[in-house]
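Heads up: the structure comes next, in structure tokens.
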Amino acid sequence: VKPENITDTLYNERATAINFWVALDKLIKASAAGDIVYIYFSGHGEFNDETFPKQLVLVAHNCLKDIFEPSSNIGTNNLNGYINKMASKGIKVYLIIDACHSGGVASSIEDVSTGMYASSIQGWKEPVKMLSCMSEQTSAESSKYGEGRGRFSYYLLRGMEGLANMDANSDVTLAELYFYLSQMMPADQKPVIKPESEFNTVVSHIDAKILEQLKKEEADKVTGKNPGLAKKNINN
């Protein structure tokens, strides 16, 4: 993604719930039919049925400990509404969430983006969900992963840059990315990519120089020159 195409980036104290919704509203207004939109969230995910019944909650920076107020958290039912609004305008949306229980968002989008509802909307573009774990699981994170991030995010980028490619061409598909991520996650963390009907979709084009450098890094891990994240330690 070119820097000029990034509408907003929210880190730390800027990552409040209100700033998230304002940025998302701005994204919708800036997008048109035929566009491809990526929405990425990395942080904490929780379930709290008292305030957000039957939905995953993405924790914003202004959330107080154990207090799940709508004004300080991101309810994924509302997020689904924004995504479906874009999909109905012919905008292709990729929702990427690296957070504990992130798989809990998949079914709620799926319920309204399939079947009669989707087929009745002319120009509907099926949203793609790329989620770090299943709804009952947690997501691994560590300072080892690219100076500190979730394991899913770390390998998602490396996979899209070419390590997920399986057929020696210049593209990475969702199917290849899912297979790669499934191999690279701990045994108790299963990534979720839906819907499977989109698995043949190309999600990235490979830069040969970047891929060559990534392969060198992987080889160095195995030989011990750069042991950081050797695959043999995948469950650590």
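Just so we're on the same page: first chain in the structure tokens is A, next is B, and so on; residues restart at 1 for each chain, and ligands are numbered from 1 in the order they show up.
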Item checked: Near-A:Glu126 list (7 Å; only C-alpha atoms; drop same-chain fewer than 2 positions) as a VMD selection string -> chain A and resid 87 92 113 124 128
Margin query: Quick one: residues within 12 Å of stretch 23-31 of chain A, only C-alpha atoms, excluding same-chain residues fewer than 2 positions away - as a ChimeraX atom specification?
Written below: /A:5-10,14-21,33-41,74,78-93
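For the choices A:Ser182, A:Asn169, A:Gln55, A:Ser71, the atom-to-atom distance to A:Leu156 is smallest for A:Ser182 when using only C-alpha atoms.
For A:Leu211, the list of residues within 12 Å, based on only C-alpha atoms and with local chain neighbours fewer than 2 positions off taken out, reads Leu157, Arg158, Gly159, Met160, Glu161, Gly162, Leu163, Ala164, Asn165, Ala168, Asn169, Ser170, Asp171, Val172, His205, Ile206, Asp207, Ala208, Lys209, Gln213, Leu214, Lys215, Lys216, Glu217 and Glu218 of chain A.
Residues in contact range of stretch 140-144 of chain A, defined as at most 9 Å between only C-alpha atoms, with sequence neighbours fewer than 6 positions away removed, read Ala99, Cys100, Ser132, Gly150, Arg151, Phe152, Met185, Pro186, Gln189, Gly228 and Leu229 of chain A.
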Can you list, as a PDB file with C-alpha atoms, in the first residue's frame, every protein, DNA or RNA residue that comes within 8 Å of A:Val105 when you count only C-alpha atoms, leaving out same-chain residues fewer than 6 positions away?
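Contents of result.pdb, as written:
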ATOM      1  CA  GLN A  55     -19.996  -9.748  19.976  1.00  0.00           C
ATOM      2  CA  LEU A  56     -16.255  -9.357  20.122  1.00  0.00           C
ATOM      3  CA  THR A  76     -17.581  -5.396  16.221  1.00  0.00           C
ATOM      4  CA  SER A 135     -12.950 -17.137  19.090  1.00  0.00           C
TER       5      SER A 135
END
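Atom CA of A:Pro70 to atom CA of A:Val22 spans 14.6 Å [interatomic distance, one decimal].
Every protein, DNA or RNA residue with an atom at most 9 Å from A:Asp188, where only C-alpha atoms count and chain neighbours fewer than 6 positions away do not, is listed here: Cys133, Gln137, Thr138, Ser139 and Asn235 of chain A.
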Given the selection you just returned, output its residues as a file containing N, CA and C atoms, formatted as a PDB file, in the first residue's frame.
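The resulting file, part26.pdb, is shown below:
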ATOM      1  N   CYS A 133      -6.803 -15.750  15.353  1.00  0.00           N
ATOM      2  CA  CYS A 133      -7.094 -16.977  16.111  1.00  0.00           C
ATOM      3  C   CYS A 133      -8.590 -17.243  16.126  1.00  0.00           C
ATOM      4  N   GLN A 137      -9.665 -18.711  21.487  1.00  0.00           N
ATOM      5  CA  GLN A 137      -8.212 -18.760  21.639  1.00  0.00           C
ATOM      6  C   GLN A 137      -7.617 -17.372  21.906  1.00  0.00           C
ATOM      7  N   THR A 138      -6.374 -17.391  22.367  1.00  0.00           N
ATOM      8  CA  THR A 138      -5.619 -16.149  22.529  1.00  0.00           C
ATOM      9  C   THR A 138      -4.560 -16.051  21.431  1.00  0.00           C
ATOM     10  N   SER A 139      -4.028 -14.848  21.245  1.00  0.00           N
ATOM     11  CA  SER A 139      -3.040 -14.607  20.196  1.00  0.00           C
ATOM     12  C   SER A 139      -1.673 -14.332  20.805  1.00  0.00           C
ATOM     13  N   ASN A 235       6.619 -23.378  18.804  1.00  0.00           N
ATOM     14  CA  ASN A 235       5.641 -23.461  19.887  1.00  0.00           C
ATOM     15  C   ASN A 235       6.065 -22.702  21.133  1.00  0.00           C
TER      16      ASN A 235
END
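From atom CA of A:Met166 back to atom CA of A:Gln183, the distance works out to 13.1 Å.
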Check: DSSP on the backbone: what in stretch 28-62 of chain A comes out strand (DSSP E or B), as a PyMOL selection string?
Finding: chain A and resi 36-42+45-48+52-59
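If you look at atom CA of A:Leu131 and atom CA of A:Ile97, they are 5.0 Å away from each other.
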Next item on the list: Run DSSP on the backbone of this structure and report the residues of stretch 70-163 of chain A it assigns to helix (DSSP H, G or I), as a count of residues only.
Entry: 46
